[in-house]
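A.B. asks: Let me begin by handing over the structure; questions about it come next.
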There are 4 protein chains.
Amino acid sequence: MAHTGVLRPGFIQLRVLDMQSAVEHYIKRIGLNRVTEGTDGRMYLKAADEFDHHSIVLRKADAPGVDLMAFKVLEDSDLDSFEKRIVEYGYPVDHVAAGEQPGIGRRIGFTIASGHRIELYAHAEQSEPKPLTHNPNIWVSEPHGMQANRFDHALLYGPKIEENLDFFTKVLDFRCAERVDTPGGLLAIWLTCGMKAHDIAFVNHAEPNKLHHVSFELENWDSIGHAADILTHFDISIDIGPTRHGITRGQTIYFFDPSGNRDEVFAGGYTYYPDNPTRTWDETQIGKGIFYYERVLNEAFLSVVT
Amino acid sequence: MAHTGVLRPGFIQLRVLDMQSAVEHYIKRIGLNRVTEGTDGRMYLKAADEFDHHSIVLRKADAPGVDLMAFKVLEDSDLDSFEKRIVEYGYPVDHVAAGEQPGIGRRIGFTIASGHRIELYAHAEQSEPKPLTHNPNIWVSEPHGMQANRFDHALLYGPKIEENLDFFTKVLDFRCAERVDTPGGLLAIWLTCGMKAHDIAFVNHAEPNKLHHVSFELENWDSIGHAADILTHFDISIDIGPTRHGITRGQTIYFFDPSGNRDEVFAGGYTYYPDNPTRTWDETQIGKGIFYYERVLNEAFLSVVT
Amino acid sequence: MAHTGVLRPGFIQLRVLDMQSAVEHYIKRIGLNRVTEGTDGRMYLKAADEFDHHSIVLRKADAPGVDLMAFKVLEDSDLDSFEKRIVEYGYPVDHVAAGEQPGIGRRIGFTIASGHRIELYAHAEQSEPKPLTHNPNIWVSEPHGMQANRFDHALLYGPKIEENLDFFTKVLDFRCAERVDTPGGLLAIWLTCGMKAHDIAFVNHAEPNKLHHVSFELENWDSIGHAADILTHFDISIDIGPTRHGITRGQTIYFFDPSGNRDEVFAGGYTYYPDNPTRTWDETQIGKGIFYYERVLNEAFLSVVT
Amino acid sequence: MAHTGVLRPGFIQLRVLDMQSAVEHYIKRIGLNRVTEGTDGRMYLKAADEFDHHSIVLRKADAPGVDLMAFKVLEDSDLDSFEKRIVEYGYPVDHVAAGEQPGIGRRIGFTIASGHRIELYAHAEQSEPKPLTHNPNIWVSEPHGMQANRFDHALLYGPKIEENLDFFTKVLDFRCAERVDTPGGLLAIWLTCGMKAHDIAFVNHAEPNKLHHVSFELENWDSIGHAADILTHFDISIDIGPTRHGITRGQTIYFFDPSGNRDEVFAGGYTYYPDNPTRTWDETQIGKGIFYYERVLNEAFLSVVT
């Protein structure tokens with residue numbers, strides 16, 4: 001029972017304006033693989049190093065953004081115990097039947113203080129392609145595009161992130177790896193349910209339920225450079241990078257998908273353990289925290305969300 | 001409580017024939033930092049990305065090898081509950097008083113089937129140098145030598161590793177990330193208490209209580225190449241590498257410390273989750289599992305231990 | 001006229017036992033591009049960063065090996081002046097008409113002391129794909145396979161390499177970047193016509209006209225690691241590596257094409273200038289010179305040639 | 001005689017406001033080594049992979065900038081033949097006696113159209129540390145700081161760069177690897193005397209004799225990232241990067257020395273041959289040419305010079 005309860009970000013459902021260009025972007029550029037198309041037109045994708053059915057769901061809509069972010073838990077019984085704790089915390093919980101997304105078991109869902117819908121589920125079928133498990137080669141087939149290993153985390157913008165911090169740590173057993181406190185209050189938090197420096201992060205923002213970026217893990221700094229080469233070659237708009245975050249230490253580049261959702265590919269960062277102190281930042285060094293080399297925050301980072 | 005119980009390998013106590021050359025090797029070459037020298041002459045070292053007091057203990061002795069490997073647990077009460085479970089499993093447990101090693105709290109110790117002494121402890125003081133936590137730079141001072149981030153794991157050789165597998169998974173809540181089964185029985189296991197592919201590993205071997213290697217994590221494949229350049233420059237004997245393991249996918253190089261203990265520096269490898277299947281290997285591909293590029297096992301890997 | 005006369009290795013004609021597997025190997029694995037097939041069945045390939053028509057010629061034959069290695073010179077008039085100097089040195093020169101290989105102008109050919117046929121030519125048409133030249137992206141299309149930038153050099157085995165050294169430096173204006181002298185005489189030479197540490201190299205060997213390896217340049221050590229991953233994935237036999245050469249400092253991996261010809265992909269190494277001293281090696285350190293990490297010469301390196 | 005005449009940038013003499021902070025910057029941060037201090041207080045430094053006496057000269061002055069840039073030629077007789085050609089071109093030539101800088105032979109000097117002083121010399125003593133030449137290790141001692149391999153090139157700003165282009169190609173036998181032409185005329189040129197994409201470059205600018213940056217070569221993109229980590233750690237102002245140039249393809253980061261001179265460390269870029277076409281850029285893509293990822297030119301790049 002070393003690692004129990006919430007295991008990791010399982011999937012995120014993104015809204016896109018045009019399905020074809022979105023699929024091309026996430027598959028050919030970021031390097032994901034197509035799993036299947038749902039009967040309602042949603043597209044299900046996964047990264048090369050994921051066993052589970054899918055991690056990215058694309059839904060055609062009139063505006064970009066995020067529908068929901070779902071975390072996988074270890075045991076089916078965790079769903080019941082977490083439901084009890086969430087309801088006790090005061091958030092209504094609803095149920096999504098198994099199969100609402102292909103390959104995914106029953107889910108429980110709820111809305112957090114920042115306005116985002118979060119879901120938990122315990123069961124996912126495995127899908128191809130997936131890592132080999134008997135006498136395995138290191139990959140099933142040659143990586144392509146930016147060679148994303150996995151859907152890693154999302155950064156969400158919304159109000160009341162102090163309550164998010166309280167909820168995620170008290171109810172979902174997350175820990176706070178890093179936080180930014182300013183004279184105006186808590187500005188941002190990086191939360192983890194395991195040994196990564198972040199599985200979900202929040203920035204304080206007036207408008208609820210906004211997506212800042214969805215992030216994919218690459219192998220190393222060389223991969224970040226290669227991603228940058230791809231972005232310019234295919235005329236994809238880069239927001240900032242290649243650079244490093246002081247917060248999490250990740251090496252990173254931000255860019256936009258064809259619908260305007262911000263993507264990140266990143267590599268590196270420290271390993272987090274639950275006995276590690278929370279790293280703290282104040283308003284004097286927030287620029288260096290976000291962009292370690294530039295040491296100033298560009299305005300777009302705080303204002304452009306979907 | 002996402003990650004509870006046994007957190008990680010905390011420290012390992014190695015026997016060395018000559019203290020001065022050992023300290024130079026681990027500090028100047030591998031890149032560790034000196035913390036303190038004990039009153040009994042033991043030397044305490046740590047890697048750049050570790051908060052806790054120390055992770056490597058060097059003890060002068062007449063023969064090289066490992067005295068003990070200690071894991072840190074999350075809570076002091078874990079020591080009591082693990083003691084109960086260990087005793088119920090049938091292993092005698094003894095107690096080491098706080099302060100037997102500087103900066104380390106009370107420990108419980110026991111001998112596993114392969115003949116190795118394992119200890120658990122819940123408390124460690126922090127020591128300098130340690131990662132910064134307020135508006136932190138990514139390092140306190142420029143990395144040196146091979147730039148080891150942390151003591152990562154050890155591979156131990158001994159008999160009855162089926163029992164080790166049973167004990168670590170049933171009593172200490174580890175999981176088995178990979179295993180090698182041959183017609184002659186279980187040959188090797190890689191065990192994890194968190195999200196790394198291995199925190200401790202065992203290979204079946206007639207003689208008990210042997211050390212195959214102690215391993216330090218580097219940043220990436222470039223760091224492995226730089227480590228190799230250092231090894232040749234300083235005439236340090238390389239066992240094998242740079243190469244990759246099929247098992248864990250780590251990129252690696254093996255070499256020997258001045259006392260003959262085998263060290264590894266490695267980078268990369270997949271992220272493990274408790275719902276991942278165990279990767280399995282058989283005798284037909286064991287060469288590729290151990291050395292992914294050479295695809296054959298060199299005899300030294302199976303026979304040279306300390 | 002800073003860089004005049006012989007510019008670089010232009011192309012090499014290799015004998016292969018089976019054309020289809022050879023083409024797949026050099027295109028899909030090493031990452032070359034197909035230019036055209038000759039009317040006589042020879043296949044013409046080029047690397048991503050080459051303007052000229054082709055650099056690798058594959059000819060179906062009953063035995064593997066090298067037919068000829070051709071160097072490009074700057075001016076057509078260089079062919080006349082070099083012919084005069086070569087004849088004066090005592091080697092017969094023959095002429096190959098423009099178009100004997102598609103896209104290549106007239107060539108002069110001759111046999112050197114080690115038994116190899118060398119050719120010079122001044123004219124090559126450009127072919128697609130080639131690097132862009134107006135507002136260029138860094139590549140025309142995403143690199144594939146091992147992502148070879150260029151055909152870089154060859155190492156040839158044969159007798160009388162002292163005479164090769166004399167001929168290449170006196171007649172073709174090459175310089176000797178490195179040499180290995182043993183009690184038995186001159187063992188090996190690395191010769192350059194520009195700023196690379198080697199454009200052609202020779203090892204003393206009883207049998208004339210043998211090919212040790214043909215080499216392709218990759219970007220960096222990360223690319224060497226990726227090449228190694230490809231080799232194991234596609235069950236291609238690795239001779240040695242990833243490792244580094246002490247000689248030239250190149251980071252390298254050797255493997256075999258389906259016909260048994262040895263290939264190398266390498267990266268790095270120092271920049272050579274004509275006022276640099278020749279690096280010298282003796283028999284005590286030849287192992288480290290060839291394989292910097294292993295520090296011993298494997299027998300295959302000295303004996304397996306095609 | 002494959003590579004004759006002008007070999008490479010030999011040294012550059014920079015003006016600095018404070019010698020101690022300048023020496024610390026170039027030695028501890030960029031990774032150069034101290035060779036000697038002149039009797040007049042000038043400091044002589046060199047990079048790890050250079051045989052010659054020094055490549056960077058620091059002179060204390062009231063304003064930052066460049067005193068002169070000197071190129072090494074192959075033969076002493078080249079000095080006479082170049083002097084003749086330069087005088088015939090219409091530029092006065094003066095003579096600097098051997099020993100004016102320690103370890104450097106006689107020099108000829110002249111002022112080019114953009115107002116910069118250029119010198120040529122044929123003789124330099126070797127100095128320690130220098131690359132080993134008998135059974136050499138790949139380095140004499142462990143690299144430090146940013147681990148610069150060599151002084152690589154400079155970018156200079158001034159008027160009449162069309163004349164510079166004419167002079168360098170007609171009189172000094174350089175070639176133009178890349179150029180930017182705008183409706184307002186020739187904006188910039190990258191000139192080479194060997195196989196590097198640039199040994200000196202010019203941007204059109206009203207004020208004569210200005211320094212844009214002096215550049216040092218690092219090993220690869222990983223080294224660029226490490227340089228960026230050093231810059232932030234030591235609070236050194238970064239101008240832009242890590243990024244890539246479309247022009248030359250180099251991976252790069254720009255920053256300022258304590259006197260305000262701009263430095264660059266870069267890695268990679270293509271190999272240039274004299275039969276390569278000149279890459280051309282126009283005003284529509286100049287942003288991408290300079291900063292391949294950002295794709296816009298920051299104002300500082302065109303205006304901040306010393």
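Each chain in the structure tokens gets a letter, A, B, ..., in the order shown, and its residues are numbered from 1; ligands are numbered from 1 in order too.
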So that I can check the secondary structure, give me every residue of segment 12-212 of chain A assigned strand (DSSP E) by backbone DSSP, as a ChimeraX atom specification.

C.D. replies: /A:12-16,33-37,43-46,56-60,65-73,94-96,107-111,117-121,150-158,175-182,185-192,200-204,210-212

A.B. asks: Name all residues at most 7 Å from His205 of chain B (count only C-alpha atoms; drop same-chain ones fewer than 5 positions away) and give them as a ChimeraX atom specification.

C.D. replies: /B:157-159

A.B. asks: Using only C-alpha atoms, please write the residues we just selected to a file, as an mmCIF file, in the first residue's frame.

C.D. replies:
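Saved to out-v4.cif:
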```cif
data_model
loop_
_atom_site.group_PDB
_atom_site.id
_atom_site.type_symbol
_atom_site.label_atom_id
_atom_site.label_comp_id
_atom_site.auth_asym_id
_atom_site.auth_seq_id
_atom_site.Cartn_x
_atom_site.Cartn_y
_atom_site.Cartn_z
ATOM 1 C CA TYR B 157 22.840 -11.002 -4.619
ATOM 2 C CA GLY B 158 21.853 -13.889 -2.415
ATOM 3 C CA PRO B 159 19.769 -17.071 -2.128
#
```

A.B. asks: Based on only C-alpha atoms, which of the residues in chain D come within 9 Å of chain C? I want them as a PyMOL selection string.

C.D. replies: chain D and resi 1-8+49+51+74+132-138+172-175+178+193-196+219-221+246-249+268+270-271+273-282+284-286+288-289+292

A.B. asks: Output the selection as a compact mmCIF listing (two decimals), in the first residue's frame - N, CA and C atoms for each residue.

C.D. replies:
```txt
# COMPACT_ATOMS: atom_id res chain seq x y z
N MET D 1 47.55 21.63 -49.33
CA MET D 1 47.10 23.01 -49.46
C MET D 1 45.59 23.09 -49.52
N ALA D 2 44.93 22.07 -48.95
CA ALA D 2 43.48 22.06 -48.98
C ALA D 2 42.92 23.28 -48.26
N HIS D 3 43.49 23.62 -47.10
CA HIS D 3 43.01 24.77 -46.34
C HIS D 3 44.21 25.69 -46.12
N THR D 4 44.23 26.79 -46.81
CA THR D 4 45.39 27.68 -46.77
C THR D 4 44.93 29.11 -46.51
N GLY D 5 45.87 30.03 -46.41
CA GLY D 5 45.53 31.43 -46.22
C GLY D 5 45.00 31.68 -44.82
N VAL D 6 43.87 32.36 -44.71
CA VAL D 6 43.29 32.65 -43.40
C VAL D 6 42.69 31.37 -42.83
N LEU D 7 43.15 30.99 -41.66
CA LEU D 7 42.69 29.74 -41.05
C LEU D 7 41.45 29.92 -40.19
N ARG D 8 41.51 30.92 -39.32
CA ARG D 8 40.43 31.01 -38.32
C ARG D 8 40.58 32.31 -37.53
N ASP D 49 40.07 23.96 -25.86
CA ASP D 49 40.45 23.17 -27.03
C ASP D 49 41.34 23.94 -27.99
N PHE D 51 45.19 25.27 -29.05
CA PHE D 51 46.63 25.09 -28.87
C PHE D 51 47.34 26.44 -28.68
N LEU D 74 48.08 30.66 -42.36
CA LEU D 74 48.86 29.42 -42.29
C LEU D 74 50.37 29.67 -42.31
N LEU D 132 46.06 17.54 -25.30
CA LEU D 132 47.14 16.56 -25.30
C LEU D 132 47.33 16.01 -26.71
N THR D 133 48.55 15.59 -27.02
CA THR D 133 48.80 15.10 -28.39
C THR D 133 49.44 13.72 -28.45
N HIS D 134 49.91 13.18 -27.33
CA HIS D 134 50.43 11.81 -27.36
C HIS D 134 49.58 10.93 -26.44
N ASN D 135 48.97 9.91 -27.03
CA ASN D 135 48.00 9.09 -26.29
C ASN D 135 47.04 9.98 -25.50
N PRO D 136 46.42 10.93 -26.16
CA PRO D 136 45.68 11.97 -25.44
C PRO D 136 44.38 11.49 -24.80
N ASN D 137 44.15 11.91 -23.57
CA ASN D 137 42.79 11.91 -23.04
C ASN D 137 42.00 12.99 -23.75
N ILE D 138 40.68 12.92 -23.65
CA ILE D 138 39.88 13.90 -24.40
C ILE D 138 39.96 15.28 -23.79
N LEU D 172 40.53 38.55 -48.81
CA LEU D 172 40.92 37.58 -47.78
C LEU D 172 40.42 36.17 -48.08
N ASP D 173 39.76 35.99 -49.23
CA ASP D 173 39.32 34.66 -49.68
C ASP D 173 38.26 34.02 -48.79
N PHE D 174 37.50 34.85 -48.08
CA PHE D 174 36.37 34.32 -47.33
C PHE D 174 35.23 34.00 -48.32
N ARG D 175 34.22 33.29 -47.82
CA ARG D 175 32.99 33.04 -48.58
C ARG D 175 31.81 33.52 -47.74
N GLU D 178 25.77 33.08 -45.51
CA GLU D 178 24.38 33.53 -45.47
C GLU D 178 24.34 35.04 -45.58
N CYS D 193 35.97 31.51 -43.43
CA CYS D 193 37.25 31.21 -44.08
C CYS D 193 37.53 29.72 -44.06
N GLY D 194 36.58 28.90 -43.60
CA GLY D 194 36.82 27.47 -43.53
C GLY D 194 35.52 26.70 -43.67
N MET D 195 35.29 25.76 -42.79
CA MET D 195 34.12 24.90 -42.89
C MET D 195 33.07 25.20 -41.82
N LYS D 196 33.28 26.24 -41.04
CA LYS D 196 32.25 26.69 -40.12
C LYS D 196 31.31 27.64 -40.86
N GLU D 219 29.55 22.26 -26.57
CA GLU D 219 29.44 20.94 -27.21
C GLU D 219 28.09 20.71 -27.87
N ASN D 220 27.01 20.98 -27.16
CA ASN D 220 25.70 20.64 -27.72
C ASN D 220 24.59 21.40 -26.99
N TRP D 221 23.37 21.11 -27.34
CA TRP D 221 22.18 21.77 -26.79
C TRP D 221 22.09 21.58 -25.27
N GLY D 246 17.90 30.47 -37.17
CA GLY D 246 17.65 29.91 -38.49
C GLY D 246 18.92 30.04 -39.33
N ILE D 247 19.54 31.21 -39.23
CA ILE D 247 20.82 31.46 -39.89
C ILE D 247 21.92 30.68 -39.16
N THR D 248 22.62 29.85 -39.85
CA THR D 248 23.68 28.95 -39.34
C THR D 248 23.12 27.73 -38.59
N ARG D 249 21.84 27.78 -38.17
CA ARG D 249 21.21 26.70 -37.41
C ARG D 249 21.76 26.54 -36.01
N GLY D 268 26.37 23.49 -32.43
CA GLY D 268 25.73 22.98 -33.64
C GLY D 268 25.82 23.92 -34.82
N TYR D 270 25.39 23.85 -39.32
CA TYR D 270 25.82 22.96 -40.41
C TYR D 270 27.30 23.14 -40.72
N THR D 271 27.84 22.17 -41.43
CA THR D 271 29.20 22.24 -41.97
C THR D 271 29.13 22.93 -43.33
N TYR D 273 30.82 24.08 -46.96
CA TYR D 273 31.87 23.81 -47.96
C TYR D 273 31.81 24.91 -49.01
N PRO D 274 32.95 25.20 -49.63
CA PRO D 274 32.99 26.34 -50.56
C PRO D 274 32.11 26.16 -51.80
N ASP D 275 31.63 24.95 -52.07
CA ASP D 275 30.71 24.79 -53.19
C ASP D 275 29.25 24.87 -52.75
N ASN D 276 29.02 25.19 -51.50
CA ASN D 276 27.64 25.35 -51.02
C ASN D 276 27.07 26.67 -51.52
N PRO D 277 25.79 26.69 -51.85
CA PRO D 277 25.16 27.98 -52.19
C PRO D 277 25.09 28.88 -50.96
N THR D 278 25.09 30.18 -51.19
CA THR D 278 24.85 31.12 -50.10
C THR D 278 23.37 31.06 -49.72
N ARG D 279 23.10 30.87 -48.43
CA ARG D 279 21.71 30.92 -47.97
C ARG D 279 21.28 32.39 -47.95
N THR D 280 20.08 32.67 -48.44
CA THR D 280 19.59 34.05 -48.52
C THR D 280 18.31 34.22 -47.73
N TRP D 281 18.20 35.37 -47.13
CA TRP D 281 17.03 35.70 -46.32
C TRP D 281 16.50 37.06 -46.77
N ASP D 282 15.18 37.21 -46.67
CA ASP D 282 14.62 38.53 -46.98
C ASP D 282 13.88 39.07 -45.76
N THR D 284 10.95 39.39 -44.98
CA THR D 284 9.72 38.75 -44.47
C THR D 284 10.03 37.70 -43.41
N GLN D 285 11.25 37.16 -43.44
CA GLN D 285 11.55 36.03 -42.56
C GLN D 285 12.78 36.29 -41.69
N ILE D 286 13.20 37.55 -41.64
CA ILE D 286 14.42 37.84 -40.90
C ILE D 286 14.29 37.46 -39.42
N LYS D 288 12.68 34.93 -38.15
CA LYS D 288 12.95 33.49 -38.05
C LYS D 288 14.41 33.18 -38.31
N GLY D 289 15.02 33.97 -39.16
CA GLY D 289 16.44 33.77 -39.44
C GLY D 289 17.30 33.99 -38.21
N TYR D 292 14.96 31.45 -34.44
CA TYR D 292 14.14 30.47 -35.16
C TYR D 292 12.87 30.12 -34.41
```

A.B. asks: Between C:Arg295, C:Arg42, C:His144, C:Arg15, which is the closest to Asp239 of chain B once you count only C-alpha atoms?

C.D. replies: C:Arg295

A.B. asks: Return the single residue from B:Arg34, B:His233, B:His213, B:Arg29 that is closest to Gly260 of chain B, with distances computed using only C-alpha atoms.

C.D. replies: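 Using only C-alpha atoms, Gly260 of chain B sits closest to B:His213.
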
A.B. asks: Write out as a ChimeraX atom specification the residues lying within 10 Å of Leu68 of chain D, counting only C-alpha atoms and excluding same-chain residues fewer than 2 positions away.

C.D. replies: /D:11-15,57,65-66,70,109-111,116-119,209

A.B. asks: Please identify all polymer residues within 7 Å of Leu156 of chain C, counting only C-alpha atoms, omitting same-chain residues fewer than 5 positions from it, and present them as a VMD selection string.

C.D. replies: chain C and resid 201 to 203 210 to 212

A.B. asks: Those same residues, written as an mmCIF file, in the first residue's frame with N, CA, C and O atoms?

C.D. replies:
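The resulting out-v4.cif:
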```cif
data_model
loop_
_atom_site.group_PDB
_atom_site.id
_atom_site.type_symbol
_atom_site.label_atom_id
_atom_site.label_comp_id
_atom_site.auth_asym_id
_atom_site.auth_seq_id
_atom_site.Cartn_x
_atom_site.Cartn_y
_atom_site.Cartn_z
ATOM 1 N N ALA C 201 40.516 7.107 -43.514
ATOM 2 C CA ALA C 201 41.483 6.543 -42.569
ATOM 3 C C ALA C 201 41.889 5.165 -43.068
ATOM 4 O O ALA C 201 41.146 4.513 -43.802
ATOM 5 N N PHE C 202 43.088 4.761 -42.672
ATOM 6 C CA PHE C 202 43.615 3.470 -43.108
ATOM 7 C C PHE C 202 44.211 2.714 -41.926
ATOM 8 O O PHE C 202 44.862 3.305 -41.063
ATOM 9 N N VAL C 203 44.006 1.413 -41.924
ATOM 10 C CA VAL C 203 44.673 0.531 -40.981
ATOM 11 C C VAL C 203 45.482 -0.473 -41.787
ATOM 12 O O VAL C 203 45.006 -0.998 -42.806
ATOM 13 N N LYS C 210 40.274 -3.644 -48.640
ATOM 14 C CA LYS C 210 39.190 -4.050 -47.750
ATOM 15 C C LYS C 210 38.527 -2.821 -47.110
ATOM 16 O O LYS C 210 39.145 -1.782 -46.914
ATOM 17 N N LEU C 211 37.255 -3.009 -46.803
ATOM 18 C CA LEU C 211 36.468 -1.969 -46.130
ATOM 19 C C LEU C 211 36.296 -2.331 -44.666
ATOM 20 O O LEU C 211 35.788 -3.413 -44.344
ATOM 21 N N HIS C 212 36.697 -1.443 -43.769
ATOM 22 C CA HIS C 212 36.388 -1.653 -42.359
ATOM 23 C C HIS C 212 35.020 -1.077 -42.035
ATOM 24 O O HIS C 212 34.153 -1.762 -41.504
#
```

A.B. asks: Give me, as a list in words, all polymer residues having an atom no more than 10 Å from Ala227 of chain B, counting only C-alpha atoms and skipping those fewer than 4 positions away in the same chain.

C.D. replies: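 The residues satisfying every condition are Arg29, Ile30, Gly145, Met146, Gln147, Ala148, Leu218, Trp221, Asp222, Ser223, Leu231, Thr232, His233, Pro242, Thr252, Ile253, Val265 and Phe266 of chain B.
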
A.B. asks: With N, CA, C and O atoms kept, could you save the residues just selected as an mmCIF file, in the first residue's frame?

C.D. replies:
```
data_model
loop_
_atom_site.group_PDB
_atom_site.id
_atom_site.type_symbol
_atom_site.label_atom_id
_atom_site.label_comp_id
_atom_site.auth_asym_id
_atom_site.auth_seq_id
_atom_site.Cartn_x
_atom_site.Cartn_y
_atom_site.Cartn_z
ATOM 1 N N ARG B 29 34.520 12.122 -7.828
ATOM 2 C CA ARG B 29 34.153 11.483 -9.096
ATOM 3 C C ARG B 29 32.640 11.393 -9.280
ATOM 4 O O ARG B 29 32.097 11.833 -10.274
ATOM 5 N N ILE B 30 31.961 10.802 -8.300
ATOM 6 C CA ILE B 30 30.508 10.611 -8.443
ATOM 7 C C ILE B 30 29.771 11.914 -8.159
ATOM 8 O O ILE B 30 28.675 12.138 -8.649
ATOM 9 N N GLY B 145 31.852 16.686 -10.733
ATOM 10 C CA GLY B 145 32.055 15.272 -11.039
ATOM 11 C C GLY B 145 30.926 14.752 -11.912
ATOM 12 O O GLY B 145 30.528 15.399 -12.866
ATOM 13 N N MET B 146 30.428 13.561 -11.584
ATOM 14 C CA MET B 146 29.343 12.960 -12.378
ATOM 15 C C MET B 146 27.986 13.578 -12.078
ATOM 16 O O MET B 146 27.010 13.242 -12.723
ATOM 17 N N GLN B 147 27.933 14.430 -11.062
ATOM 18 C CA GLN B 147 26.728 15.203 -10.788
ATOM 19 C C GLN B 147 25.550 14.324 -10.367
ATOM 20 O O GLN B 147 24.418 14.505 -10.831
ATOM 21 N N ALA B 148 25.817 13.368 -9.459
ATOM 22 C CA ALA B 148 24.754 12.492 -8.974
ATOM 23 C C ALA B 148 23.671 13.284 -8.270
ATOM 24 O O ALA B 148 23.954 14.134 -7.424
ATOM 25 N N LEU B 218 21.634 10.053 -12.408
ATOM 26 C CA LEU B 218 22.107 11.247 -13.110
ATOM 27 C C LEU B 218 20.961 11.824 -13.925
ATOM 28 O O LEU B 218 19.887 11.234 -14.024
ATOM 29 N N TRP B 221 21.215 10.921 -20.551
ATOM 30 C CA TRP B 221 22.198 10.157 -21.323
ATOM 31 C C TRP B 221 23.485 10.954 -21.534
ATOM 32 O O TRP B 221 24.571 10.385 -21.569
ATOM 33 N N ASP B 222 23.350 12.276 -21.692
ATOM 34 C CA ASP B 222 24.536 13.114 -21.789
ATOM 35 C C ASP B 222 25.377 13.018 -20.514
ATOM 36 O O ASP B 222 26.612 13.002 -20.570
ATOM 37 N N SER B 223 24.707 12.952 -19.368
ATOM 38 C CA SER B 223 25.415 12.810 -18.099
ATOM 39 C C SER B 223 26.126 11.463 -18.024
ATOM 40 O O SER B 223 27.211 11.363 -17.437
ATOM 41 N N LEU B 231 35.476 8.578 -15.986
ATOM 42 C CA LEU B 231 36.028 7.275 -15.585
ATOM 43 C C LEU B 231 37.332 6.980 -16.306
ATOM 44 O O LEU B 231 38.305 6.526 -15.686
ATOM 45 N N THR B 232 37.358 7.235 -17.609
ATOM 46 C CA THR B 232 38.610 6.963 -18.333
ATOM 47 C C THR B 232 39.686 7.970 -17.946
ATOM 48 O O THR B 232 40.850 7.596 -17.767
ATOM 49 N N HIS B 233 39.310 9.223 -17.797
ATOM 50 C CA HIS B 233 40.312 10.228 -17.440
ATOM 51 C C HIS B 233 41.026 9.866 -16.139
ATOM 52 O O HIS B 233 42.236 10.047 -16.011
ATOM 53 N N PRO B 242 28.961 2.878 -21.631
ATOM 54 C CA PRO B 242 27.559 3.251 -21.550
ATOM 55 C C PRO B 242 26.667 2.304 -22.355
ATOM 56 O O PRO B 242 26.991 1.982 -23.498
ATOM 57 N N THR B 252 22.898 3.560 -18.619
ATOM 58 C CA THR B 252 23.722 3.156 -17.489
ATOM 59 C C THR B 252 25.188 3.004 -17.821
ATOM 60 O O THR B 252 25.567 2.779 -18.963
ATOM 61 N N ILE B 253 26.010 3.100 -16.793
ATOM 62 C CA ILE B 253 27.395 2.663 -16.874
ATOM 63 C C ILE B 253 27.793 2.121 -15.502
ATOM 64 O O ILE B 253 27.425 2.681 -14.464
ATOM 65 N N VAL B 265 26.018 4.519 -12.328
ATOM 66 C CA VAL B 265 25.266 5.759 -12.515
ATOM 67 C C VAL B 265 24.319 5.506 -13.673
ATOM 68 O O VAL B 265 24.687 4.862 -14.661
ATOM 69 N N PHE B 266 23.097 5.977 -13.515
ATOM 70 C CA PHE B 266 22.097 5.687 -14.538
ATOM 71 C C PHE B 266 21.176 6.891 -14.689
ATOM 72 O O PHE B 266 21.154 7.802 -13.857
#
```

A.B. asks: With DSSP run on the backbone, what are the helix (DSSP H, G or I) residues within segment 134-228 of chain A? I'd like them as a list in words.

C.D. replies: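 Across segment 134-228 of chain A, those assigned helix (DSSP H, G or I) are Ile161, Glu162, Glu163, Asn164, Leu165, Asp166, Phe167, Phe168, Thr169, Lys170, Trp221, Asp222, Ser223, Ile224, Gly225, His226, Ala227 and Ala228 of chain A.
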
A.B. asks: Counting only C-alpha atoms, what is within 10 Å of Pro258 of chain C, bar same-chain residues fewer than 6 positions away, as a list of chain:residue names?

C.D. replies: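 Counting only the stated atoms, we get C:Val16, C:Leu17, C:Asp18, C:Met19, C:Gln20, C:Ser21, C:Ala22, C:Val23, C:Glu24, C:His25, C:Tyr26, C:Pro64, C:Ile236, C:Ser237.
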